[in-house]
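K.L.:
Structure in structure tokens, see below.
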Amino acid sequence: MLARVAANFYWMGRYLERTKQTIRLVRYPLDRLVDRTGNEIAIAWEVVHRTLGQTLPESPESRDEAEAYLLMDAYTLAGSLIEEASNPDSILSCWSSARENARQVRSHLPLAVWTCLNQGYLWVREIDLPAAWATGPSVFISEASDRLRLLSGVMDALMYRDDGWRFMGLGRFVERAQHQAALLGAWVELGQRERGSAGLPWADLLRICGAYEVFGRRYSMEVRQEQVLVFLVQDPELPRSLRFAVHYIEELLAGIDPAGARYPLAPAHRTALRLASSLEVETLDGTRGGNPLRFFRTVGSECRGLHDVAVASYLDHTRLDGLET
């Protein structure tokens, strides 16, 4: 496969996954508007912006006024993450970037996949956000999520499992691992700051990750921080756990470059193996000197490093024998 084609598939996967993540994050504060305090809503928006690596817009210095601002200006805060084209993490921006990468490899995609992706983009682009907001703050988010699920189902049913599929999956899971590390790190940091406050329940983190019900079956309905972190980091069967994402990255790299999975390991395989090992041995309950916040920052850095080495090894067409392929 040409490196530039592989790169389009890789970035298509990353942007589609980032769209899903932004939807999950934006839904969190919007669902809290009805029956939560101003402080809880303010913390929810801070989680969103910290996870995305963005700065929360300036609000009044008075805590009471700041809470009122974040409650009443939820439309503006949500709008910047939904339809702001200049925001690289907005739903519109990510969907548009995924569509552009898909357009570059349209001949490699089943017609139904391109049609579903393109229709979703046109719907997001033409959405009347004020009218959608008047119907209900979460209505647009729910429909956007449903459209992405439909797209995922169509891709899963129709796409050929070749290197294009593998590079798209690699982009998805690298993005997922990096985002999940940022989310968990933000939750731990803000949870430490708000200690003794009910503003950041660990059950809410499970709901964001779609893991609340299965956590209750796996552990109990009593949600404890240590169990949540172990579950979201090390459980190999939870789709949004770090271990699940890294496991699939290892499998996809083995399919892309089978020789690289044998000794001596290729750089991308070696980086993924090191990341998987660190997830297995890390102590997340605060014993034996464990530091979850530092750990999640390290994982995020290693995920960025994995992205860099994968791009350099497989996607940078200018480095292949000095020729542009």
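Following the order of the structure tokens, chains are lettered A, B, ..., residues in each are numbered from 1, and ligands are numbered from 1.
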Residues at most 9 Å from A:Leu129, counting only C-alpha atoms, excluding those fewer than 6 positions away in the same chain, as a list in words?

P.N.:
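Result of the neighbour search: Gly79, Ile82, Glu83 and Phe140 of chain A.
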
K.L.:
May I have the residues from that selection written out with N, CA and C atoms, as a compact mmCIF listing (two decimals), in the first residue's frame?

P.N.:
# COMPACT_ATOMS: atom_id res chain seq x y z
N GLY A 79 -21.25 25.15 21.87
CA GLY A 79 -21.15 25.51 20.46
C GLY A 79 -19.73 25.50 19.94
N ILE A 82 -18.90 22.04 19.12
CA ILE A 82 -19.80 21.38 18.16
C ILE A 82 -19.60 21.92 16.75
N GLU A 83 -19.71 23.23 16.56
CA GLU A 83 -19.75 23.78 15.20
C GLU A 83 -18.66 24.79 14.91
N PHE A 140 -28.97 17.06 19.78
CA PHE A 140 -28.00 17.04 18.68
C PHE A 140 -26.90 16.02 18.96

K.L.:
Please list as a PyMOL selection string every residue within 7 Å of stretch 44-46 of chain A, counting only C-alpha atoms and excluding residues in the same chain fewer than 4 positions away.

P.N.:
chain A and resi 28-29+40+50+56

K.L.:
As a list in words, please: the residues near stretch 84-93 of chain A (cut-off 9 Å, only C-alpha atoms, same-chain neighbours under 4 positions excluded).

P.N.:
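These residues fall inside the cut-off: Tyr15, Arg18, Thr19, Lys20, Thr22, Ile23, Leu52, Gly79, Ser80, Ser97, Ala98, Tyr121, Val124, Arg125 and Ala144 of chain A.
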
K.L.:
Please write the residues from the selection above to a file, keeping N, CA and C atoms, as a CSV table (one decimal), in the first residue's frame.

P.N.:
chain,number,residue,atom,x,y,z
A,15,TYR,N,-9.5,10.8,13.2
A,15,TYR,CA,-10.5,11.9,13.3
A,15,TYR,C,-11.9,11.3,13.6
A,18,ARG,N,-11.8,10.7,17.3
A,18,ARG,CA,-11.8,12.0,18.0
A,18,ARG,C,-13.2,12.6,18.0
A,19,THR,N,-13.9,12.4,16.9
A,19,THR,CA,-15.3,12.9,16.9
A,19,THR,C,-16.1,12.2,18.0
A,20,LYS,N,-16.0,10.9,18.1
A,20,LYS,CA,-16.7,10.1,19.1
A,20,LYS,C,-16.3,10.6,20.5
A,22,THR,N,-15.2,13.6,21.4
A,22,THR,CA,-15.7,14.9,21.7
A,22,THR,C,-17.2,14.8,22.0
A,23,ILE,N,-17.9,14.0,21.3
A,23,ILE,CA,-19.3,13.8,21.6
A,23,ILE,C,-19.5,13.3,23.0
A,52,LEU,N,-9.2,17.7,26.5
A,52,LEU,CA,-8.9,18.1,25.1
A,52,LEU,C,-7.6,19.0,25.0
A,79,GLY,N,-21.2,25.1,21.9
A,79,GLY,CA,-21.1,25.5,20.5
A,79,GLY,C,-19.7,25.5,19.9
A,80,SER,N,-18.8,25.9,20.8
A,80,SER,CA,-17.4,25.9,20.3
A,80,SER,C,-16.9,24.5,20.1
A,97,SER,N,-12.4,16.7,8.8
A,97,SER,CA,-11.1,16.2,8.5
A,97,SER,C,-11.1,14.7,8.1
A,98,ALA,N,-12.0,13.9,8.8
A,98,ALA,CA,-12.2,12.5,8.5
A,98,ALA,C,-12.7,12.4,7.1
A,121,TYR,N,-21.4,14.2,7.6
A,121,TYR,CA,-20.7,15.5,7.5
A,121,TYR,C,-21.7,16.6,7.1
A,124,VAL,N,-24.0,17.6,9.9
A,124,VAL,CA,-23.3,18.4,10.9
A,124,VAL,C,-23.1,19.8,10.4
A,125,ARG,N,-22.7,19.9,9.2
A,125,ARG,CA,-22.4,21.2,8.6
A,125,ARG,C,-23.6,22.1,8.5
A,144,ALA,N,-25.9,12.8,16.6
A,144,ALA,CA,-24.5,12.7,16.1
A,144,ALA,C,-23.9,11.4,16.5

K.L.:
If we count only C-alpha atoms, what is near A:Gly305 at a cut-off of 10 Å, once residues fewer than 6 positions away on the same chain are taken out, given as a list in words?

P.N.:
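Here the answer would be Ala268, Thr271, Ala272, Val299 and Val311 of chain A.
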
K.L.:
What's the 9 Å shell around A:Phe167, counting only C-alpha atoms, without same-chain residues fewer than 5 positions away, as a PyMOL selection string?

P.N.:
chain A and resi 6-11+13+162+172+252-253+256

K.L.:
Next, write the just-selected residues to a file, as a PDB file, in the first residue's frame, keeping N, CA and C atoms as the atom set.

P.N.:
ATOM      1  N   ALA A   6      -1.964   4.916   3.049  1.00  0.00           N
ATOM      2  CA  ALA A   6      -1.984   4.445   4.434  1.00  0.00           C
ATOM      3  C   ALA A   6      -2.179   5.609   5.395  1.00  0.00           C
ATOM      4  N   ALA A   7      -1.529   6.743   5.106  1.00  0.00           N
ATOM      5  CA  ALA A   7      -1.660   7.917   5.978  1.00  0.00           C
ATOM      6  C   ALA A   7      -3.090   8.441   5.981  1.00  0.00           C
ATOM      7  N   ASN A   8      -3.745   8.434   4.822  1.00  0.00           N
ATOM      8  CA  ASN A   8      -5.142   8.880   4.778  1.00  0.00           C
ATOM      9  C   ASN A   8      -6.039   7.986   5.614  1.00  0.00           C
ATOM     10  N   PHE A   9      -5.834   6.667   5.520  1.00  0.00           N
ATOM     11  CA  PHE A   9      -6.621   5.747   6.341  1.00  0.00           C
ATOM     12  C   PHE A   9      -6.337   5.967   7.832  1.00  0.00           C
ATOM     13  N   TYR A  10      -5.067   6.141   8.155  1.00  0.00           N
ATOM     14  CA  TYR A  10      -4.688   6.346   9.557  1.00  0.00           C
ATOM     15  C   TYR A  10      -5.358   7.588  10.141  1.00  0.00           C
ATOM     16  N   TRP A  11      -5.290   8.696   9.403  1.00  0.00           N
ATOM     17  CA  TRP A  11      -5.874   9.942   9.920  1.00  0.00           C
ATOM     18  C   TRP A  11      -7.393   9.922   9.860  1.00  0.00           C
ATOM     19  N   GLY A  13      -9.122   7.287  10.588  1.00  0.00           N
ATOM     20  CA  GLY A  13      -9.437   6.601  11.833  1.00  0.00           C
ATOM     21  C   GLY A  13      -9.276   7.482  13.046  1.00  0.00           C
ATOM     22  N   ASP A 162      -7.949  -5.392   4.774  1.00  0.00           N
ATOM     23  CA  ASP A 162      -6.602  -5.274   4.227  1.00  0.00           C
ATOM     24  C   ASP A 162      -5.812  -4.247   5.023  1.00  0.00           C
ATOM     25  N   ARG A 172      -7.413   4.772  14.979  1.00  0.00           N
ATOM     26  CA  ARG A 172      -8.494   4.790  15.980  1.00  0.00           C
ATOM     27  C   ARG A 172      -7.965   4.492  17.370  1.00  0.00           C
ATOM     28  N   LEU A 252      -2.726  -4.939  15.257  1.00  0.00           N
ATOM     29  CA  LEU A 252      -2.751  -4.241  13.982  1.00  0.00           C
ATOM     30  C   LEU A 252      -1.346  -4.036  13.440  1.00  0.00           C
ATOM     31  N   LEU A 253      -0.403  -3.719  14.306  1.00  0.00           N
ATOM     32  CA  LEU A 253       0.985  -3.566  13.865  1.00  0.00           C
ATOM     33  C   LEU A 253       1.542  -4.888  13.355  1.00  0.00           C
ATOM     34  N   ILE A 256       0.225  -5.251   9.883  1.00  0.00           N
ATOM     35  CA  ILE A 256       0.829  -4.292   8.959  1.00  0.00           C
ATOM     36  C   ILE A 256       2.264  -4.670   8.630  1.00  0.00           C
TER      37      ILE A 256
END
